[in-house]
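**Student:** My structure file start02.cif, mmCIF, C-alpha atoms, is below:
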```cif
data_coords
loop_
_atom_site.label_atom_id
_atom_site.label_comp_id
_atom_site.auth_asym_id
_atom_site.auth_seq_id
_atom_site.Cartn_x
_atom_site.Cartn_y
_atom_site.Cartn_z
CA MET S 1 0.00 0.00 0.00
CA PRO S 2 1.15 3.60 -0.59
CA HIS S 3 2.96 5.35 2.22
CA ALA S 4 0.98 8.15 3.86
CA GLU S 5 1.66 11.57 2.47
CA PRO S 6 0.56 14.98 3.86
CA HIS S 7 -2.69 16.10 2.23
CA ASP S 8 -1.19 19.54 1.65
CA VAL S 9 1.92 18.11 -0.02
CA VAL S 10 1.38 20.33 -3.05
CA ASP S 11 1.44 23.45 -0.92
CA GLN S 12 4.56 22.42 0.98
CA CYS S 13 6.70 20.66 -1.61
CA HIS S 14 9.24 21.98 -4.02
CA VAL S 15 8.67 21.15 -7.67
CA SER S 16 11.28 20.41 -10.32
CA ILE S 17 10.58 20.66 -14.06
CA GLY S 18 12.97 18.61 -16.15
CA VAL S 19 13.63 18.53 -19.90
CA THR S 20 15.82 16.16 -21.87
CA THR S 21 16.95 17.35 -25.29
CA LEU S 22 19.46 16.17 -27.88
CA ASN S 23 20.05 17.92 -31.22
CA GLU S 24 16.72 19.77 -31.09
CA ALA S 25 17.83 23.29 -31.96
CA ARG S 26 14.73 23.78 -34.12
CA THR S 27 12.33 23.33 -31.21
CA ILE S 28 14.10 23.75 -27.87
CA GLY S 29 14.01 27.57 -27.76
CA ARG S 30 10.24 27.75 -28.07
CA VAL S 31 9.81 24.80 -25.70
CA LEU S 32 11.89 26.49 -23.01
CA GLU S 33 10.07 29.81 -23.36
CA THR S 34 6.88 28.03 -22.36
CA LEU S 35 8.50 26.05 -19.55
CA VAL S 36 10.21 29.10 -18.02
CA ALA S 37 6.79 30.71 -17.69
CA GLU S 38 5.35 27.51 -16.21
CA ALA S 39 8.24 27.20 -13.74
CA ARG S 40 7.76 30.77 -12.53
CA SER S 41 4.01 30.28 -12.12
CA VAL S 42 4.43 27.28 -9.79
CA GLY S 43 7.72 28.32 -8.15
CA ALA S 44 9.64 25.39 -9.64
CA GLU S 45 13.27 24.88 -10.50
CA LEU S 46 14.03 24.13 -14.15
CA ILE S 47 16.57 21.44 -15.06
CA VAL S 48 17.68 20.75 -18.64
CA VAL S 49 19.82 17.83 -19.71
CA ALA S 50 21.14 18.82 -23.14
CA GLY S 51 23.55 17.47 -25.69
CA GLY S 52 24.32 17.41 -29.38
CA THR S 53 26.24 19.23 -32.05
CA ASP S 54 23.56 21.38 -33.71
CA GLY S 55 23.59 24.31 -31.29
CA THR S 56 21.02 22.94 -28.85
CA VAL S 57 23.32 23.39 -25.84
CA GLU S 58 24.10 27.00 -26.76
CA ILE S 59 20.39 27.83 -27.11
CA VAL S 60 19.65 26.28 -23.72
CA LYS S 61 22.49 28.23 -22.10
CA GLY S 62 21.15 31.47 -23.55
CA VAL S 63 17.70 30.86 -22.08
CA LEU S 64 18.73 29.53 -18.67
CA GLU S 65 21.22 32.32 -17.92
CA LYS S 66 18.16 34.54 -17.46
CA VAL S 67 16.40 32.07 -15.13
CA GLU S 68 17.40 32.23 -11.48
CA SER S 69 16.41 28.74 -10.33
CA SER S 70 17.75 26.61 -13.16
CA THR S 71 20.36 23.97 -13.87
CA LEU S 72 21.95 22.90 -17.15
CA ILE S 73 23.50 19.45 -17.35
CA VAL S 74 25.55 19.10 -20.53
CA GLU S 75 26.01 15.60 -21.88
CA GLU S 76 29.38 15.53 -23.60
CA LYS S 77 28.83 11.91 -24.61
CA PRO S 78 25.06 11.29 -24.64
CA SER S 79 24.17 7.70 -23.79
CA GLY S 80 20.41 7.71 -24.31
CA LYS S 81 17.27 9.16 -22.78
CA PRO S 82 17.10 6.72 -19.81
CA ALA S 83 20.57 7.82 -18.68
CA ALA S 84 19.59 11.47 -19.15
CA LEU S 85 16.44 10.99 -17.07
CA ASN S 86 18.34 9.21 -14.31
CA ASN S 87 20.83 12.07 -14.25
CA LEU S 88 18.11 14.68 -14.25
CA VAL S 89 16.05 13.19 -11.41
CA SER S 90 19.12 12.56 -9.25
CA SER S 91 19.85 16.29 -9.52
CA ALA S 92 16.29 17.40 -8.75
CA ARG S 93 15.36 18.90 -5.38
CA GLY S 94 11.59 18.77 -5.78
CA GLU S 95 9.34 16.21 -4.17
CA ILE S 96 7.40 16.27 -7.44
CA VAL S 97 9.36 16.06 -10.69
CA VAL S 98 7.69 17.03 -13.97
CA LEU S 99 9.28 15.48 -17.05
CA THR S 100 8.91 16.53 -20.66
CA ASP S 101 10.81 16.56 -23.96
CA GLY S 102 12.60 19.11 -26.09
CA ASP S 103 10.28 18.66 -29.07
CA VAL S 104 6.81 19.08 -27.50
CA LEU S 105 4.90 22.17 -26.37
CA VAL S 106 3.23 22.36 -22.96
CA SER S 107 0.03 24.41 -22.85
CA PRO S 108 -0.06 27.22 -20.25
CA GLY S 109 -1.29 26.08 -16.85
CA SER S 110 -0.86 22.38 -17.60
CA ILE S 111 1.95 21.82 -15.11
CA SER S 112 -0.05 23.37 -12.29
CA LEU S 113 -2.93 21.02 -13.13
CA LEU S 114 -0.61 18.01 -13.01
CA ILE S 115 0.82 19.04 -9.65
CA ASN S 116 -2.65 19.41 -8.18
CA ALA S 117 -3.30 15.72 -8.85
CA PHE S 118 -0.83 14.90 -6.06
CA ARG S 119 -3.18 16.28 -3.44
CA ASN S 120 -4.47 12.72 -3.51
CA PRO S 121 -1.86 10.80 -1.48
CA THR S 122 -2.47 7.59 -3.44
CA VAL S 123 -1.34 9.24 -6.70
CA GLY S 124 2.27 8.47 -7.57
CA CYS S 125 2.29 9.76 -11.14
CA ALA S 126 0.16 12.06 -13.30
CA CYS S 127 0.09 12.54 -17.05
CA ALA S 128 -1.33 15.00 -19.55
CA ARG S 129 -3.42 14.64 -22.69
CA VAL S 130 -1.40 14.43 -25.91
CA VAL S 131 -2.71 16.32 -28.95
CA GLY S 132 -1.30 16.89 -32.41
CA ALA S 133 0.14 20.16 -33.66
CA PRO S 134 -2.30 22.10 -35.86
CA GLY S 135 -2.09 21.78 -39.62
CA GLU S 136 -3.10 19.62 -42.56
CA TYR S 137 -2.38 15.93 -41.91
CA ASN S 138 -1.27 13.32 -44.41
CA LEU S 139 -2.34 9.67 -44.03
CA VAL S 140 0.42 8.75 -41.58
CA GLU S 141 -0.33 11.76 -39.38
CA GLN S 142 -4.04 10.95 -39.46
CA VAL S 143 -3.26 7.45 -38.19
CA CYS S 144 -1.09 8.92 -35.41
CA ASP S 145 -3.83 11.41 -34.50
CA TRP S 146 -6.51 8.71 -34.45
CA THR S 147 -4.29 6.58 -32.22
CA ALA S 148 -3.63 9.51 -29.86
CA GLU S 149 -7.37 10.12 -29.55
CA ILE S 150 -8.01 6.43 -28.89
CA MET S 151 -5.44 6.50 -26.10
CA SER S 152 -7.00 9.66 -24.65
CA ALA S 153 -10.47 8.10 -24.72
CA GLY S 154 -9.14 4.93 -23.10
CA ARG S 155 -7.39 6.88 -20.34
CA ARG S 156 -10.50 8.97 -19.76
CA ALA S 157 -12.66 5.87 -19.34
CA SER S 158 -10.14 4.05 -17.15
CA TYR S 159 -9.59 7.05 -14.88
CA SER S 160 -13.33 7.62 -14.54
CA GLN S 161 -14.00 3.99 -13.67
CA ASN S 162 -10.89 2.99 -11.70
CA GLY S 163 -9.24 6.22 -10.54
CA THR S 164 -6.04 5.27 -12.37
CA VAL S 165 -4.64 4.53 -15.83
CA ASP S 166 -2.18 1.87 -16.93
CA LEU S 167 0.22 4.00 -18.96
CA ALA S 168 1.39 7.60 -18.46
CA SER S 169 2.46 9.46 -21.57
CA GLY S 170 6.12 10.40 -21.47
CA ASN S 171 5.47 13.60 -23.41
CA LEU S 172 4.42 15.25 -20.16
CA LEU S 173 4.25 13.42 -16.85
CA ALA S 174 4.86 14.19 -13.19
CA VAL S 175 6.07 11.69 -10.61
CA ARG S 176 6.93 11.69 -6.93
CA ARG S 177 10.72 11.79 -6.82
CA SER S 178 10.75 9.09 -4.15
CA LEU S 179 8.99 6.77 -6.62
CA PHE S 180 11.18 7.40 -9.65
CA PRO S 181 13.00 4.16 -10.51
CA VAL S 182 16.55 3.91 -11.74
CA LEU S 183 15.79 3.31 -15.40
CA PRO S 184 17.63 0.48 -17.18
CA LEU S 185 19.89 2.11 -19.74
CA ASP S 186 18.60 -0.16 -22.50
CA THR S 187 14.89 0.57 -22.04
CA MET S 188 13.08 1.82 -25.14
CA ALA S 189 9.92 2.92 -23.29
CA ASP S 190 10.87 4.98 -20.25
CA ASP S 191 7.24 6.03 -19.72
CA GLY S 192 6.16 2.38 -19.73
CA TYR S 193 8.83 1.46 -17.20
CA ILE S 194 7.94 4.40 -14.91
CA SER S 195 4.23 3.53 -15.17
CA ALA S 196 4.81 -0.13 -14.34
CA TRP S 197 7.05 0.76 -11.39
CA VAL S 198 4.52 3.21 -9.94
CA ARG S 199 1.68 0.69 -10.21
CA HIS S 200 3.90 -2.13 -8.90
CA SER S 201 4.66 0.10 -5.89
CA GLY S 202 0.95 0.38 -5.09
CA TYR S 203 0.29 3.91 -6.33
CA LYS S 204 -2.15 5.24 -8.90
CA ILE S 205 -1.53 7.13 -12.13
CA ALA S 206 -3.76 10.18 -12.59
CA TYR S 207 -4.94 11.26 -16.02
CA VAL S 208 -5.30 15.05 -16.11
CA GLU S 209 -7.23 15.63 -19.31
CA ASN S 210 -7.18 19.43 -19.06
CA ALA S 211 -3.39 19.41 -18.99
CA ILE S 212 -2.34 19.50 -22.64
CA VAL S 213 0.92 18.75 -24.40
CA GLN S 214 1.24 19.27 -28.14
CA THR S 215 3.40 17.01 -30.28
CA ARG S 216 4.33 16.80 -33.95
CA TYR S 217 3.40 13.40 -35.39
CA ALA S 218 5.63 11.32 -37.62
CA ARG S 219 5.01 12.35 -41.23
CA THR S 220 6.44 9.39 -43.13
CA LEU S 221 5.77 5.67 -42.93
CA THR S 222 9.46 5.02 -42.27
CA ASP S 223 9.49 7.43 -39.34
CA TYR S 224 6.25 5.94 -38.01
CA LEU S 225 7.62 2.40 -38.05
CA HIS S 226 10.91 3.41 -36.43
CA GLN S 227 9.11 5.33 -33.70
CA LYS S 228 6.26 2.93 -32.99
CA SER S 229 8.21 -0.32 -33.24
CA ARG S 230 10.85 0.93 -30.80
CA THR S 231 8.24 2.02 -28.23
CA ARG S 232 6.48 -1.33 -28.58
CA LEU S 233 9.82 -3.08 -28.14
CA GLY S 234 10.11 -1.05 -24.95
CA HIS S 235 6.75 -2.35 -23.76
CA ILE S 236 7.88 -5.91 -24.47
CA GLN S 237 10.92 -5.21 -22.27
CA VAL S 238 8.66 -3.84 -19.52
CA GLU S 239 6.37 -6.86 -19.71
CA ARG S 240 9.35 -9.15 -19.10
CA THR S 241 10.32 -7.15 -16.01
CA PHE S 242 6.82 -6.49 -14.65
CA PRO S 243 4.56 -9.28 -15.97
CA ASP S 244 1.73 -8.26 -13.65
CA SER S 245 2.02 -4.49 -14.15
CA ALA S 246 2.97 -4.09 -17.82
CA PRO S 247 1.00 -1.10 -19.12
CA ARG S 248 0.78 -2.14 -22.78
CA THR S 249 0.73 -5.42 -24.70
CA ALA S 250 -0.34 -6.15 -28.26
CA PRO S 251 -3.65 -7.79 -27.26
CA ASN S 252 -4.73 -4.99 -24.90
CA GLU S 253 -3.79 -2.31 -27.45
CA PHE S 254 -6.03 -3.81 -30.14
CA ILE S 255 -8.84 -4.44 -27.65
CA GLU S 256 -8.65 -0.75 -26.75
CA TYR S 257 -8.80 0.23 -30.43
CA PHE S 258 -12.06 -1.64 -30.95
CA ARG S 259 -13.59 -0.75 -27.59
CA THR S 260 -12.99 3.01 -27.72
CA SER S 261 -13.01 3.79 -31.45
CA ARG S 262 -16.50 5.33 -31.20
CA ALA S 263 -15.30 7.72 -28.51
CA VAL S 264 -12.84 9.59 -30.75
CA GLU S 265 -13.90 13.23 -30.63
CA SER S 266 -11.44 15.62 -32.22
CA ARG S 267 -11.63 14.55 -35.87
CA ASN S 268 -14.22 12.60 -37.84
CA TYR S 269 -12.06 9.78 -39.16
CA GLY S 270 -13.71 7.00 -41.11
CA LEU S 271 -13.28 3.27 -41.53
CA GLY S 272 -10.23 3.72 -43.78
CA ILE S 273 -8.17 5.36 -41.02
CA PHE S 274 -9.36 2.73 -38.55
CA ALA S 275 -8.18 -0.07 -40.88
CA ALA S 276 -4.89 1.67 -41.66
CA SER S 277 -4.25 2.18 -37.94
CA ILE S 278 -4.81 -1.52 -37.18
CA MET S 279 -2.52 -2.62 -40.00
CA MET S 280 0.27 -0.16 -39.21
CA ALA S 281 0.16 -0.88 -35.48
CA GLY S 282 0.17 -4.61 -36.20
CA PHE S 283 3.23 -4.29 -38.39
CA ALA S 284 4.98 -2.19 -35.73
CA TRP S 285 4.32 -4.94 -33.17
CA LEU S 286 5.70 -7.58 -35.58
CA VAL S 287 8.87 -5.55 -36.04
CA ALA S 288 9.15 -5.11 -32.26
CA TYR S 289 8.68 -8.81 -31.52
CA SER S 290 11.21 -9.70 -34.23
CA SER S 291 13.73 -7.30 -32.71
CA SER S 292 13.12 -8.72 -29.24
CA MET S 293 13.85 -12.22 -30.52
CA VAL S 294 17.08 -11.15 -32.23
CA HIS S 295 18.28 -9.04 -29.31
CA ARG S 296 16.91 -10.89 -26.31
CA SER S 297 18.18 -8.29 -23.84
CA GLY S 298 16.33 -5.53 -25.71
CA GLY S 299 18.94 -2.80 -26.00
CA ARG S 300 18.79 0.53 -27.76
CA ARG S 301 20.26 -0.89 -30.96
CA GLY S 302 19.22 1.00 -34.05
CA TRP S 303 17.81 3.98 -32.14
CA ARG S 304 17.66 7.15 -34.18
CA PRO S 305 15.76 10.44 -33.86
CA ILE S 306 12.46 10.78 -35.71
CA GLU S 307 13.26 13.82 -37.83
CA SER S 308 9.72 14.64 -39.02
CA THR S 309 8.62 15.19 -35.40
CA LYS S 310 11.28 17.81 -34.71
CA THR S 311 9.49 20.90 -35.97
CA HIS S 312 6.78 23.17 -34.53
#
```
Could you express the structure from this file as structure tokens?

**Tutor:**
Amino acid sequence: MPHAEPHDVVDQCHVSIGVTTLNEARTIGRVLETLVAEARSVGAELIVVAGGTDGTVEIVKGVLEKVESSTLIVEEKPSGKPAALNNLVSSARGEIVVLTDGDVLVSPGSISLLINAFRNPTVGCACARVVGAPGEYNLVEQVCDWTAEIMSAGRRASYSQNGTVDLASGNLLAVRRSLFPVLPLDTMADDGYISAWVRHSGYKIAYVENAIVQTRYARTLTDYLHQKSRTRLGHIQVERTFPDSAPRTAPNEFIEYFRTSRAVESRNYGLGIFAASIMMAGFAWLVAYSSSMVHRSGGRRGWRPIESTKTH
């Protein structure tokens, strides 16, 4: 069972907002502008773990030198997002740590909404709703948008019925620092691992639908398959470690697709997008299972950035 926490923990605790970014010069400036405002509004420290050769570190330095309560951790030899997250959280002073990425945009007020979820002492983690960046979508982006809406509808239903969700989105989540696990350096789904650990520890994951984080979807089929097969490989890794708390498996993903497809609200997608989503997700799972058989330990082999998601 969860350890008792003060009911006014949100009023008493210090909050840390953390960002990991690698070679994201095109997006990190705008991302940090938003997060600086969020940090000031909730009295949080801002921590950025940055690396790369495209000027990302220099942009971060330029922003943070104007922010009093901030820390820049430069990765001279980046060794993956799990290592960056471990480094970030070990440097954080806040009882609540908010984690986000250098290529997504957090809507104003969203971090405050996430933090408020921790007034419930049984909540160990809280996550935001993921939406797509505005614009005209091609077929691949429509599939990604449909999938994001399905996940939102599933989280909404689960949180309403059970007071918790299985999987927190890594685009924007908050976690009690005391509950943050040391992430395996080879994990391909850090949000899946964090979610499984929180649930395994007896805590709930809150879904804060009014907290919004905006992402750019993969635009090409190649980018989609690289992105989605690696996250599904990560969930296969998590299932091996936490067989009773794994947040996502192939069967439960497809069950969710069929069960919640009528609840999609934001766009009126038809049967064609539904069918394309099933086929593309199925192929991504096949690639993930094939990779897990070849590299039994999982590993971050073949990881590469998804370039079409790096613009806003």

**Student:** Let me know the residues the PyMOL selection byres ((chain S and resi 244) around 12) catches in the file above, as an MDAnalysis selection string.

**Tutor:** chainID S and resid 166 196:197 199:201 238:243 245:249

**Student:** Find the spatial neighbours of Arg40 in chain S, counting all atoms listed in the file, within a cut-off of 12 Å - ignore same-chain residues fewer than 2 positions away - and output them as a VMD selection string.

**Tutor:** chain S and resid 15 to 17 33 to 38 42 to 46 67 to 70 108 to 109 111 to 112

**Student:** Which distance in Å separates CA of Glu209 in chain S and CA of Val182 in chain S, to one decimal?

**Tutor:**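 Interatomic distance, CA of Glu209 in chain S to CA of Val182 in chain S: 27.6 Å.
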
**Student:** I would like the residues chosen by the PyMOL selection byres ((chain S and resi 131) around 8) on the shown file; could you give them as a ChimeraX atom specification?

**Tutor:** /S:129-130,132-133,145,148-149,212-215

**Student:** Atoms to include: C-alpha atoms. Write the selected residues as a PDB file, in the coordinates of the input.

**Tutor:**
```
ATOM      1  CA  ARG S 129      -3.420  14.640 -22.690  1.00  0.00           C
ATOM      2  CA  VAL S 130      -1.400  14.430 -25.910  1.00  0.00           C
ATOM      3  CA  GLY S 132      -1.300  16.890 -32.410  1.00  0.00           C
ATOM      4  CA  ALA S 133       0.140  20.160 -33.660  1.00  0.00           C
ATOM      5  CA  ASP S 145      -3.830  11.410 -34.500  1.00  0.00           C
ATOM      6  CA  ALA S 148      -3.630   9.510 -29.860  1.00  0.00           C
ATOM      7  CA  GLU S 149      -7.370  10.120 -29.550  1.00  0.00           C
ATOM      8  CA  ILE S 212      -2.340  19.500 -22.640  1.00  0.00           C
ATOM      9  CA  VAL S 213       0.920  18.750 -24.400  1.00  0.00           C
ATOM     10  CA  GLN S 214       1.240  19.270 -28.140  1.00  0.00           C
ATOM     11  CA  THR S 215       3.400  17.010 -30.280  1.00  0.00           C
TER      12      THR S 215
END
```

**Student:** To one decimal in Å, tell me the separation between CA of Ala276 in chain S and CA of Leu139 in chain S.

**Tutor:**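 If I compute the distance from CA of Ala276 in chain S to CA of Leu139 in chain S, I get 8.7 Å.
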